[in-house]
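*Asks:* Here you go, start01.txt (compact mmCIF, C-alpha atoms):
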# COMPACT_ATOMS: atom_id res chain seq x y z
CA VAL W 1 -18.98 6.18 5.94
CA PHE W 2 -15.42 5.38 6.99
CA THR W 3 -13.09 8.35 6.60
CA ARG W 4 -9.85 6.98 8.05
CA ILE W 5 -8.26 3.61 8.76
CA ALA W 6 -4.92 3.83 10.58
CA GLN W 7 -2.34 1.19 11.45
CA ASP W 8 -0.42 1.23 14.74
CA GLN W 9 3.22 2.03 13.92
CA THR W 10 4.44 -0.22 16.74
CA ASP W 11 2.05 -3.14 16.16
CA PRO W 12 1.00 -3.85 12.54
CA GLU W 13 -1.86 -6.07 13.74
CA THR W 14 -3.57 -3.18 15.53
CA ILE W 15 -5.86 -1.09 13.32
CA LEU W 16 -8.16 1.79 14.24
CA ALA W 17 -11.04 3.01 12.05
CA VAL W 18 -13.38 6.00 12.36
CA GLY W 19 -16.72 6.63 10.72
CA PHE W 20 -20.24 8.01 10.87
CA ASP W 21 -23.72 7.64 9.39
CA SER W 22 -23.88 11.31 8.43
CA LEU W 23 -22.40 14.48 9.85
CA THR W 24 -25.70 15.10 11.67
CA SER W 25 -26.30 11.59 13.01
CA ASN W 26 -24.47 9.70 15.75
CA THR W 27 -26.52 6.50 15.59
CA ASN W 28 -23.73 4.12 14.65
CA ALA W 29 -20.80 6.52 14.51
CA GLY W 30 -17.60 5.96 16.42
CA ILE W 31 -14.10 4.53 16.63
CA TRP W 32 -13.39 0.83 16.17
CA ARG W 33 -10.22 -1.04 17.11
CA SER W 34 -8.89 -4.36 15.83
CA GLU W 35 -5.96 -6.36 17.20
CA ASN W 36 -5.90 -8.94 14.37
CA PHE W 37 -5.56 -6.77 11.26
CA GLY W 38 -9.27 -6.22 10.84
CA ASN W 39 -10.65 -9.73 11.27
CA THR W 40 -12.61 -8.69 14.36
CA TRP W 41 -13.42 -5.25 15.74
CA THR W 42 -14.32 -3.66 19.08
CA LYS W 43 -16.08 -0.31 19.27
CA VAL W 44 -14.09 1.87 21.67
CA TYR W 45 -15.93 5.18 21.25
CA SER W 46 -19.47 6.19 20.21
CA GLY W 47 -19.98 9.49 18.44
CA THR W 48 -19.18 11.13 15.11
CA VAL W 49 -15.44 11.01 14.35
CA THR W 50 -13.89 11.98 11.01
CA ASP W 51 -10.13 11.51 11.41
CA ILE W 52 -7.60 9.75 13.62
CA VAL W 53 -3.81 9.90 13.87
CA GLN W 54 -1.15 8.33 16.07
CA ASP W 55 1.41 10.45 17.91
CA PRO W 56 4.76 9.78 16.15
CA ALA W 57 6.80 10.28 19.34
CA PHE W 58 4.47 8.72 21.91
CA PRO W 59 2.67 5.91 20.04
CA GLN W 60 0.43 5.02 22.98
CA TYR W 61 -1.32 8.33 22.29
CA TRP W 62 -3.91 8.70 19.52
CA LEU W 63 -5.73 11.90 18.53
CA ALA W 64 -9.08 12.05 16.76
CA GLY W 65 -11.23 14.79 15.26
CA ALA W 66 -14.81 14.75 16.56
CA PRO W 67 -17.26 17.22 14.95
CA GLY W 68 -19.19 19.17 17.56
CA SER W 69 -16.70 18.20 20.25
CA GLY W 70 -13.22 19.00 19.01
CA VAL W 71 -10.26 16.72 19.69
CA LEU W 72 -10.37 13.31 21.35
CA GLU W 73 -7.35 11.75 23.02
CA SER W 74 -6.35 8.20 23.88
CA SER W 75 -3.41 7.48 26.16
CA ASP W 76 -3.81 3.70 26.22
CA GLY W 77 -3.04 2.70 22.65
CA GLY W 78 -6.51 3.49 21.32
CA LYS W 79 -8.46 1.32 23.76
CA SER W 80 -10.44 4.29 25.09
CA PHE W 81 -10.93 7.96 24.16
CA HIS W 82 -11.86 11.16 25.99
CA LEU W 83 -12.03 14.89 25.22
CA ILE W 84 -8.50 16.25 25.31
CA GLY W 85 -8.04 18.53 28.31
CA GLY W 86 -11.63 17.78 29.26
CA ASN W 87 -12.94 20.34 26.74
CA GLY W 88 -11.88 19.04 23.31
CA GLY W 89 -9.14 21.63 22.91
CA THR W 90 -9.16 25.25 24.01
CA GLY W 91 -9.75 27.64 21.11
CA LEU W 92 -11.66 25.35 18.73
CA GLY W 93 -15.16 26.57 19.44
CA GLY W 94 -16.96 23.33 20.26
CA ALA W 95 -20.31 22.87 18.53
CA GLY W 96 -19.39 25.01 15.53
CA THR W 97 -16.62 22.61 14.59
CA GLY W 98 -17.72 20.34 11.75
CA ARG W 99 -15.81 17.69 9.86
CA ILE W 100 -12.16 17.63 10.99
CA SER W 101 -8.96 16.42 9.35
CA TYR W 102 -5.88 16.13 11.57
CA ALA W 103 -2.09 16.11 11.12
CA ILE W 104 0.88 15.89 13.51
CA SER W 105 4.42 17.01 12.71
CA GLN W 106 6.89 14.14 12.81
CA SER W 107 9.85 16.50 13.14
CA ASP W 108 8.26 18.27 16.13
CA PRO W 109 5.33 16.25 17.58
CA SER W 110 4.27 19.15 19.79
CA TYR W 111 2.96 20.82 16.62
CA HIS W 112 -0.50 19.64 15.63
CA TYR W 113 -2.63 21.00 12.79
CA LEU W 114 -6.26 20.55 11.84
CA VAL W 115 -8.75 21.86 9.32
CA ALA W 116 -12.46 21.91 10.12
CA ALA W 117 -15.65 22.49 8.20
CA ASP W 118 -18.36 24.75 9.59
CA ALA W 119 -21.10 22.74 11.29
CA THR W 120 -23.49 25.69 11.30
CA ASN W 121 -24.06 25.47 7.53
CA ASN W 122 -24.03 21.70 7.01
CA ASN W 123 -20.26 21.49 6.61
CA GLN W 124 -20.29 23.39 3.32
CA THR W 125 -17.69 26.04 4.19
CA LEU W 126 -14.45 26.37 6.11
CA TYR W 127 -14.69 26.75 9.88
CA GLY W 128 -10.95 27.26 10.22
CA ILE W 129 -7.39 26.01 9.99
CA PHE W 130 -5.84 25.65 13.44
CA ARG W 131 -2.41 25.07 14.98
CA SER W 132 -1.46 23.71 18.37
CA THR W 133 2.05 23.89 19.81
CA ASP W 134 1.26 21.93 22.99
CA PHE W 135 0.23 18.51 21.64
CA GLY W 136 -3.36 19.49 20.88
CA TYR W 137 -4.47 21.05 24.16
CA THR W 138 -4.77 24.67 22.96
CA TRP W 139 -5.40 25.91 19.42
CA LEU W 140 -4.85 29.07 17.40
CA ALA W 141 -6.60 29.90 14.12
CA ILE W 142 -4.03 30.40 11.34
CA ASP W 143 -6.21 30.63 8.21
CA VAL W 144 -6.72 33.66 5.98
CA GLY W 145 -10.49 33.34 5.74
CA ASP W 146 -12.50 30.97 3.61
CA ILE W 147 -11.04 31.01 0.11
CA ILE W 148 -10.81 27.24 -0.36
CA SER W 149 -14.05 25.53 0.65
CA TRP W 150 -16.15 26.36 -2.45
CA ASN W 151 -19.03 24.78 -0.49
CA GLN W 152 -17.29 21.40 -0.70
CA ALA W 153 -15.87 21.11 2.85
CA TRP W 154 -18.10 18.20 3.82
CA HIS W 155 -16.27 15.77 1.52
CA THR W 156 -13.04 17.49 0.38
CA ASN W 157 -11.32 18.01 3.69
CA SER W 158 -7.59 17.30 3.99
CA ILE W 159 -4.41 18.50 5.68
CA ALA W 160 -0.81 17.29 5.90
CA VAL W 161 2.50 18.47 7.31
CA ASP W 162 5.94 17.70 5.88
CA PRO W 163 7.60 14.96 8.00
CA LEU W 164 10.87 16.92 7.88
CA ASP W 165 9.54 20.45 8.39
CA ARG W 166 6.88 21.43 10.92
CA GLY W 167 6.16 24.63 8.99
CA ARG W 168 5.40 23.12 5.60
CA VAL W 169 1.65 22.48 5.59
CA MET W 170 -0.82 21.74 2.81
CA VAL W 171 -4.60 22.16 3.18
CA GLY W 172 -7.22 21.05 0.70
CA MET W 173 -10.94 21.54 0.22
CA GLY W 174 -12.44 22.73 -3.08
CA GLY W 175 -9.24 24.71 -3.54
CA SER W 176 -5.92 24.38 -1.74
CA LEU W 177 -3.46 26.33 0.39
CA VAL W 178 0.27 25.64 0.68
CA THR W 179 2.76 27.27 3.06
CA ASP W 180 6.34 26.80 4.18
CA ASN W 181 5.97 28.74 7.43
CA ALA W 182 2.81 27.57 9.17
CA ASP W 183 4.86 27.68 12.37
CA ALA W 184 5.31 31.47 12.24
CA GLU W 185 4.66 32.80 15.75
CA ASP W 186 2.16 35.39 14.52
CA PRO W 187 -0.34 33.84 12.05
CA ILE W 188 -0.48 37.10 10.12
CA ASN W 189 3.05 36.35 8.91
CA ILE W 190 2.16 32.94 7.45
CA CYS W 191 2.66 33.00 3.70
CA TRP W 192 -0.21 31.00 2.19
CA ARG W 193 -0.15 30.23 -1.54
CA PHE W 194 -3.60 29.72 -3.01
CA THR W 195 -4.78 27.59 -5.93
CA PHE W 196 -5.14 30.56 -8.25
CA ALA W 197 -3.36 33.89 -8.68
CA ASN W 198 -6.58 35.86 -8.22
CA GLY W 199 -6.77 36.74 -4.53
CA ASN W 200 -3.59 34.82 -3.78
CA PRO W 201 -2.53 35.71 -0.21
CA CYS W 202 1.18 35.30 -0.87
CA GLY W 203 3.50 34.52 -3.73
CA GLN W 204 3.15 32.26 -6.73
CA PRO W 205 -0.05 30.19 -7.05
CA ALA W 206 0.15 26.54 -6.06
CA HIS W 207 -2.18 24.60 -8.34
CA LEU W 208 -2.33 20.92 -7.41
CA GLY W 209 -3.77 19.48 -10.62
CA HIS W 210 -7.47 19.51 -9.87
CA ALA W 211 -10.00 20.92 -7.46
CA ASP W 212 -11.69 19.05 -4.57
CA ILE W 213 -8.63 17.76 -2.70
CA THR W 214 -9.13 14.59 -0.67
CA SER W 215 -5.64 13.69 0.63
CA PHE W 216 -1.92 14.51 0.69
CA THR W 217 0.99 12.12 1.18
CA PHE W 218 4.56 13.38 1.30
CA VAL W 219 6.76 10.90 -0.58
CA PRO W 220 8.99 9.28 2.10
CA GLN W 221 12.67 10.13 2.02
CA SER W 222 13.39 6.42 2.45
CA ILE W 223 11.89 5.85 -1.00
CA ALA W 224 13.45 8.86 -2.74
CA PRO W 225 16.12 10.64 -0.63
CA GLY W 226 16.11 14.40 -1.05
CA ASN W 227 12.78 14.48 -2.90
CA SER W 228 10.27 17.33 -2.48
CA ARG W 229 7.21 15.57 -3.87
CA VAL W 230 3.69 15.16 -2.52
CA MET W 231 1.05 12.75 -3.79
CA VAL W 232 -2.27 14.58 -4.06
CA THR W 233 -5.62 12.85 -4.59
CA SER W 234 -8.73 14.67 -5.73
CA ASP W 235 -11.94 14.26 -7.67
CA GLY W 236 -9.75 14.53 -10.77
CA GLY W 237 -7.50 11.58 -9.95
CA ILE W 238 -3.97 11.51 -8.53
CA TYR W 239 -1.26 14.11 -9.05
CA VAL W 240 2.35 14.57 -7.97
CA TYR W 241 3.18 18.07 -6.74
CA ASP W 242 6.75 19.29 -6.17
CA TRP W 243 6.70 21.95 -3.47
CA LYS W 244 10.25 23.07 -4.30
CA THR W 245 9.65 23.74 -8.00
CA ASN W 246 5.88 24.37 -7.74
CA VAL W 247 5.31 21.96 -10.63
CA VAL W 248 2.50 19.39 -10.78
CA HIS W 249 2.36 16.23 -12.91
CA GLY W 250 -0.70 14.16 -13.73
CA ASP W 251 1.07 11.35 -15.58
CA LEU W 252 -0.31 8.70 -13.23
CA ASN W 253 -3.78 9.48 -14.57
CA LEU W 254 -2.64 8.22 -17.99
CA LEU W 255 -2.60 4.69 -16.60
CA GLY W 256 -6.30 4.59 -17.40
CA LEU W 257 -9.20 6.91 -18.22
CA ASN W 258 -11.81 6.99 -15.48
CA THR W 259 -14.72 6.04 -17.70
CA GLY W 260 -17.02 6.19 -14.69
CA GLN W 261 -16.78 9.97 -15.04
CA LEU W 262 -18.29 9.79 -18.55
CA TRP W 263 -21.92 10.08 -17.63
CA SER W 264 -24.64 8.93 -20.00
CA ALA W 265 -26.94 11.77 -18.97
CA ALA W 266 -27.79 14.36 -21.62
CA GLN W 267 -25.41 16.99 -20.26
CA HIS W 268 -22.32 14.83 -20.83
CA SER W 269 -21.17 13.22 -24.02
CA PHE W 270 -18.49 11.61 -26.13
CA THR W 271 -18.15 12.28 -29.83
CA THR W 272 -15.73 11.28 -32.58
CA ALA W 273 -14.61 13.18 -35.66
CA ARG W 274 -16.28 12.37 -38.96
CA GLY W 275 -13.82 10.36 -41.02
CA ASN W 276 -11.44 9.88 -38.07
CA PRO W 277 -12.82 7.59 -35.34
CA GLY W 278 -9.46 7.77 -33.55
CA LEU W 279 -10.11 11.43 -32.67
CA GLY W 280 -12.65 12.05 -29.94
CA LEU W 281 -13.88 14.70 -27.54
CA ALA W 282 -15.43 13.85 -24.16
CA GLY W 283 -17.29 15.88 -21.57
CA THR W 284 -16.49 14.28 -18.22
CA TYR W 285 -18.17 14.91 -14.91
CA ASP W 286 -15.88 16.98 -12.68
CA ASN W 287 -12.88 16.43 -14.95
CA GLY W 288 -13.66 18.90 -17.71
CA VAL W 289 -13.40 18.31 -21.44
CA VAL W 290 -10.74 15.90 -22.70
CA LYS W 291 -9.47 15.18 -26.18
CA ILE W 292 -8.63 11.63 -27.20
CA ASP W 293 -6.30 11.21 -30.19
CA ILE W 294 -4.83 7.75 -30.64
CA GLN W 295 -2.35 9.15 -33.17
CA ASP W 296 -0.82 11.42 -30.51
CA SER W 297 1.87 9.12 -29.17
CA ALA W 298 3.12 11.67 -26.62
CA LYS W 299 -0.25 12.22 -24.93
CA PRO W 300 -3.24 10.40 -26.43
CA ILE W 301 -5.53 11.79 -23.70
CA ARG W 302 -5.35 15.55 -23.18
CA TYR W 303 -7.26 17.78 -20.80
CA ILE W 304 -8.69 20.75 -22.68
CA GLU W 305 -10.40 22.91 -20.05
CA GLY W 306 -13.33 23.27 -17.69
CA GLY W 307 -14.69 21.68 -14.55
CA ASP W 308 -17.83 19.69 -15.36
CA GLY W 309 -17.59 18.85 -19.04
CA GLY W 310 -20.84 18.84 -20.98
CA THR W 311 -21.96 18.26 -24.55
CA THR W 312 -19.18 18.00 -27.14
CA SER W 313 -18.97 18.21 -30.91
CA ILE W 314 -16.25 18.19 -33.59
CA SER W 315 -16.74 20.09 -36.82
CA PRO W 316 -17.20 17.69 -39.77
CA ASP W 317 -15.30 20.11 -42.01
CA ASN W 318 -12.34 20.87 -39.75
CA PRO W 319 -11.31 18.54 -36.88
CA ASP W 320 -9.43 21.42 -35.23
CA HIS W 321 -12.75 23.16 -34.59
CA LEU W 322 -14.02 21.82 -31.27
CA PHE W 323 -17.34 22.84 -29.72
CA TYR W 324 -18.21 22.02 -26.11
CA SER W 325 -19.93 23.21 -22.96
CA SER W 326 -18.28 23.25 -19.58
CA GLY W 327 -18.64 24.26 -15.95
CA VAL W 328 -21.48 24.85 -13.54
CA ALA W 329 -22.56 27.90 -15.54
CA TRP W 330 -22.44 25.79 -18.73
CA LYS W 331 -20.29 28.03 -20.88
CA ARG W 332 -20.50 27.30 -24.60
CA ILE W 333 -16.99 27.29 -26.03
CA LEU W 334 -15.35 27.10 -29.46
CA SER W 335 -11.73 26.13 -29.96
CA THR W 336 -10.29 26.66 -33.42
CA ASN W 337 -6.87 25.19 -32.65
CA GLY W 338 -7.71 21.66 -31.61
CA GLY W 339 -7.84 22.58 -27.94
CA SER W 340 -4.19 23.64 -27.68
CA ALA W 341 -5.29 26.95 -26.10
CA PRO W 342 -8.42 28.04 -24.22
CA GLY W 343 -11.38 28.47 -26.52
CA ALA W 344 -13.66 31.43 -27.09
CA ASN W 345 -16.76 31.79 -24.93
CA LEU W 346 -19.86 31.73 -27.16
CA ASN W 347 -22.43 32.29 -24.43
CA CYS W 348 -23.18 35.92 -25.31
CA SER W 349 -26.45 36.51 -23.41
CA LEU W 350 -27.25 32.82 -22.93
CA MET W 351 -27.56 31.58 -19.36
Please lay out the structure from this file as structure tokens.
*Replies:*
Amino acid sequence: VFTRIAQDQTDPETILAVGFDSLTSNTNAGIWRSENFGNTWTKVYSGTVTDIVQDPAFPQYWLAGAPGSGVLESSDGGKSFHLIGGNGGTGLGGAGTGRISYAISQSDPSYHYLVAADATNNNQTLYGIFRSTDFGYTWLAIDVGDIISWNQAWHTNSIAVDPLDRGRVMVGMGGSLVTDNADAEDPINICWRFTFANGNPCGQPAHLGHADITSFTFVPQSIAPGNSRVMVTSDGGIYVYDWKTNVVHGDLNLLGLNTGQLWSAAQHSFTTARGNPGLGLAGTYDNGVVKIDIQDSAKPIRYIEGGDGGTTSISPDNPDHLFYSSGVAWKRILSTNGGSAPGANLNCSLM
């Protein structure tokens, strides 16, 4: 499993890649380096590594996240790696540190951030979000407890910092956290905005389009000067989040329906309306229930609701009456308005 491939900002031919067999096996894990854009590779470190970044101010330095060890450092352009400070970073906790994602502030390269899964429970939950103000040598926990892992930290593990603002940080696992002041001296003063309003640590919720966040990319100012947009990838596709307006758009997902998410297993389905084959309802794995209406020129594919979409049905008498199941708990739902508003839960005492 390769989790990061990074290009040297000073030499486009030099590429570094990190990977592992599994988060509990080091058999073939490590860091590989290529000097000819990936045609040939040399292994420069053996051991599980899940992320790697280049220092924006001192490009001969590379930093890598190594589960069970902490932070690795290279001072020779990625030709060799060692535990930073000889201990992997003071304050990280060593063996308890699971899968790591790493980010460095471009506006202030002394500020490093990382998010780590908890190795003690198979990387299911959050181990912590950490900040370093001395180039990765010492670390301070800045999280507000585990409200984002949802037992998905082993594969949805992402962090990014705004290139223009060392305090604007986004963290993603099952849910997400967004803040504009991650650099607050006392972590208790950091204002984190959570995915949902319920239990939100601070301010208005910041929903990023879908759960299970896998990466963030701040849109470069060179492409769109003055923009405040972030590209967010997740199990649900790709979304554009505006941190200034707190608005998210999923228009890029309309470029094509991910039919691979329409499972043929019994718990997922696609159905069309009797007498109107252009109107359909689909239960998609991880992407909820979607309505397809080829006569809707504004949005022929509409998300209705739910996480894991299940069996679907459209009333033969009234195409606005939609029946479907959704979510891990498999709620049975009826919408009487064509899905324009959340439907009524029909579960009653059913489990």
*Asks:* Show which residues sit within 12 Å of Ala66 of chain W, as a VMD selection string. Count all atoms listed in the file, and ignore same-chain residues fewer than 3 positions away.
*Replies:* chain W and resid 3 18 to 20 23 to 24 26 29 to 31 45 to 52 63 69 to 73 81 to 84 87 to 89 92 94 to 102 114 to 117 119
*Asks:* For the residues selected in the previous step, produce a file with C-alpha atoms as an mmCIF file, in the coordinates of the input.
*Replies:*
data_model
loop_
_atom_site.group_PDB
_atom_site.id
_atom_site.type_symbol
_atom_site.label_atom_id
_atom_site.label_comp_id
_atom_site.auth_asym_id
_atom_site.auth_seq_id
_atom_site.Cartn_x
_atom_site.Cartn_y
_atom_site.Cartn_z
ATOM 1 C CA THR W 3 -13.090 8.350 6.600
ATOM 2 C CA VAL W 18 -13.380 6.000 12.360
ATOM 3 C CA GLY W 19 -16.720 6.630 10.720
ATOM 4 C CA PHE W 20 -20.240 8.010 10.870
ATOM 5 C CA LEU W 23 -22.400 14.480 9.850
ATOM 6 C CA THR W 24 -25.700 15.100 11.670
ATOM 7 C CA ASN W 26 -24.470 9.700 15.750
ATOM 8 C CA ALA W 29 -20.800 6.520 14.510
ATOM 9 C CA GLY W 30 -17.600 5.960 16.420
ATOM 10 C CA ILE W 31 -14.100 4.530 16.630
ATOM 11 C CA TYR W 45 -15.930 5.180 21.250
ATOM 12 C CA SER W 46 -19.470 6.190 20.210
ATOM 13 C CA GLY W 47 -19.980 9.490 18.440
ATOM 14 C CA THR W 48 -19.180 11.130 15.110
ATOM 15 C CA VAL W 49 -15.440 11.010 14.350
ATOM 16 C CA THR W 50 -13.890 11.980 11.010
ATOM 17 C CA ASP W 51 -10.130 11.510 11.410
ATOM 18 C CA ILE W 52 -7.600 9.750 13.620
ATOM 19 C CA LEU W 63 -5.730 11.900 18.530
ATOM 20 C CA SER W 69 -16.700 18.200 20.250
ATOM 21 C CA GLY W 70 -13.220 19.000 19.010
ATOM 22 C CA VAL W 71 -10.260 16.720 19.690
ATOM 23 C CA LEU W 72 -10.370 13.310 21.350
ATOM 24 C CA GLU W 73 -7.350 11.750 23.020
ATOM 25 C CA PHE W 81 -10.930 7.960 24.160
ATOM 26 C CA HIS W 82 -11.860 11.160 25.990
ATOM 27 C CA LEU W 83 -12.030 14.890 25.220
ATOM 28 C CA ILE W 84 -8.500 16.250 25.310
ATOM 29 C CA ASN W 87 -12.940 20.340 26.740
ATOM 30 C CA GLY W 88 -11.880 19.040 23.310
ATOM 31 C CA GLY W 89 -9.140 21.630 22.910
ATOM 32 C CA LEU W 92 -11.660 25.350 18.730
ATOM 33 C CA GLY W 94 -16.960 23.330 20.260
ATOM 34 C CA ALA W 95 -20.310 22.870 18.530
ATOM 35 C CA GLY W 96 -19.390 25.010 15.530
ATOM 36 C CA THR W 97 -16.620 22.610 14.590
ATOM 37 C CA GLY W 98 -17.720 20.340 11.750
ATOM 38 C CA ARG W 99 -15.810 17.690 9.860
ATOM 39 C CA ILE W 100 -12.160 17.630 10.990
ATOM 40 C CA SER W 101 -8.960 16.420 9.350
ATOM 41 C CA TYR W 102 -5.880 16.130 11.570
ATOM 42 C CA LEU W 114 -6.260 20.550 11.840
ATOM 43 C CA VAL W 115 -8.750 21.860 9.320
ATOM 44 C CA ALA W 116 -12.460 21.910 10.120
ATOM 45 C CA ALA W 117 -15.650 22.490 8.200
ATOM 46 C CA ALA W 119 -21.100 22.740 11.290
#
*Asks:* Write out as a PyMOL selection string the residues lying within 12 Å of Asn345 of chain W, counting all atoms listed in the file and excluding same-chain residues fewer than 4 positions away.
*Replies:* chain W and resi 305-306+323-327+329-336+349-350
*Asks:* With only C-alpha atoms counted, which protein, DNA or RNA residues have an atom no more than 9 Å from (-4.3, 6.1, -22.2) in the file frame? Please answer as a list in words.
*Replies:*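 Counting only C-alpha atoms, I find these residues within 9 Å of (-4.3, 6.1, -22.2): Asn253, Leu254, Leu255, Gly256, Leu257, Ile292, Ile294, Lys299, Pro300 and Ile301 of chain W.
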*Asks:* Counting all atoms listed in the file, which residue out of W:Pro67, W:Gly237, W:Gly307, W:Gly226 sits closest to Leu208 of chain W?
*Replies:*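 Selected residue with least distance to Leu208 of chain W: W:Gly237.
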*Asks:* So, counting all atoms listed in the file, which residue among W:Ala206, W:Ala153, W:Ile104, W:Asp146 is closest to Asn122 of chain W?
*Replies:*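 For Asn122 of chain W, the nearest of the candidates is W:Ala153.
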*Asks:* Go ahead and fit an axis-aligned box to every listed atom of segment 235-243 of chain W plus 5 Å each side, and pass me the centre and edge lengths in Å, one decimal, as AutoDock Vina command-line options.
*Replies:*
--center_x -2.6 --center_y 16.7 --center_z -7.1 --size_x 28.7 --size_y 20.4 --size_z 17.3
*Asks:* So which one's closest to Arg33 of chain W, W:Gly283, W:Gly128, W:Gly172, W:Gly78? Using all atoms listed in the file, please.
*Replies:*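 Selected residue with least distance to Arg33 of chain W: W:Gly78.
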*Asks:* Please compute the atom CA of Phe194 of chain W-atom CA of Val178 of chain W distance, one decimal, in Å.
*Replies:* 6.7 Å
*Asks:* Report, in Å to a single decimal, how far apart atom CA of Thr120 of chain W and atom CA of Met173 of chain W are.
*Replies:* 17.2 Å
*Asks:* For the atom pair atom CA of Asp118 of chain W and atom CA of Val44 of chain W, what is the interatomic distance in Å to one decimal place?
*Replies:* 26.2 Å
*Asks:* Quick one: residues within 9 Å of Ser105 of chain W, all atoms listed in the file counted, chain neighbours fewer than 4 positions away excluded, as a ChimeraX atom specification?
*Replies:* /W:55-56,109-113,160-167
*Asks:* List the spatial neighbours of Val230 of chain W as a PyMOL selection string - criterion: any atom at most 10 Å away, only C-alpha atoms, same-chain residues fewer than 6 positions off excluded.
*Replies:* chain W and resi 160+162+170+208+215-220+239-243+248
*Asks:* I'd like to know which of W:Arg131, W:Ile190, W:His207, W:Ile213 is closest to Ser149 of chain W, using all atoms listed in the file.
*Replies:*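 Looking only at the distances to Ser149 of chain W, the closest residue turns out to be W:Ile213.
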*Asks:* Can you tell me, as a list in words, what residues are no more than 10 Å from Asn318 of chain W when counting only C-alpha atoms, ignoring any on the same chain fewer than 2 positions away?
*Replies:*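 Selected residues are Ala273, Arg274, Ile314, Ser315, Pro316, Asp320, His321, Leu322, Thr336, Asn337 and Gly338 of chain W.
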*Asks:* With only C-alpha atoms as the basis for distance, which of W:Asn347, W:Thr271, W:Thr40, W:Ser107 is at the shortest distance from Thr311 of chain W?
*Replies:* W:Thr271
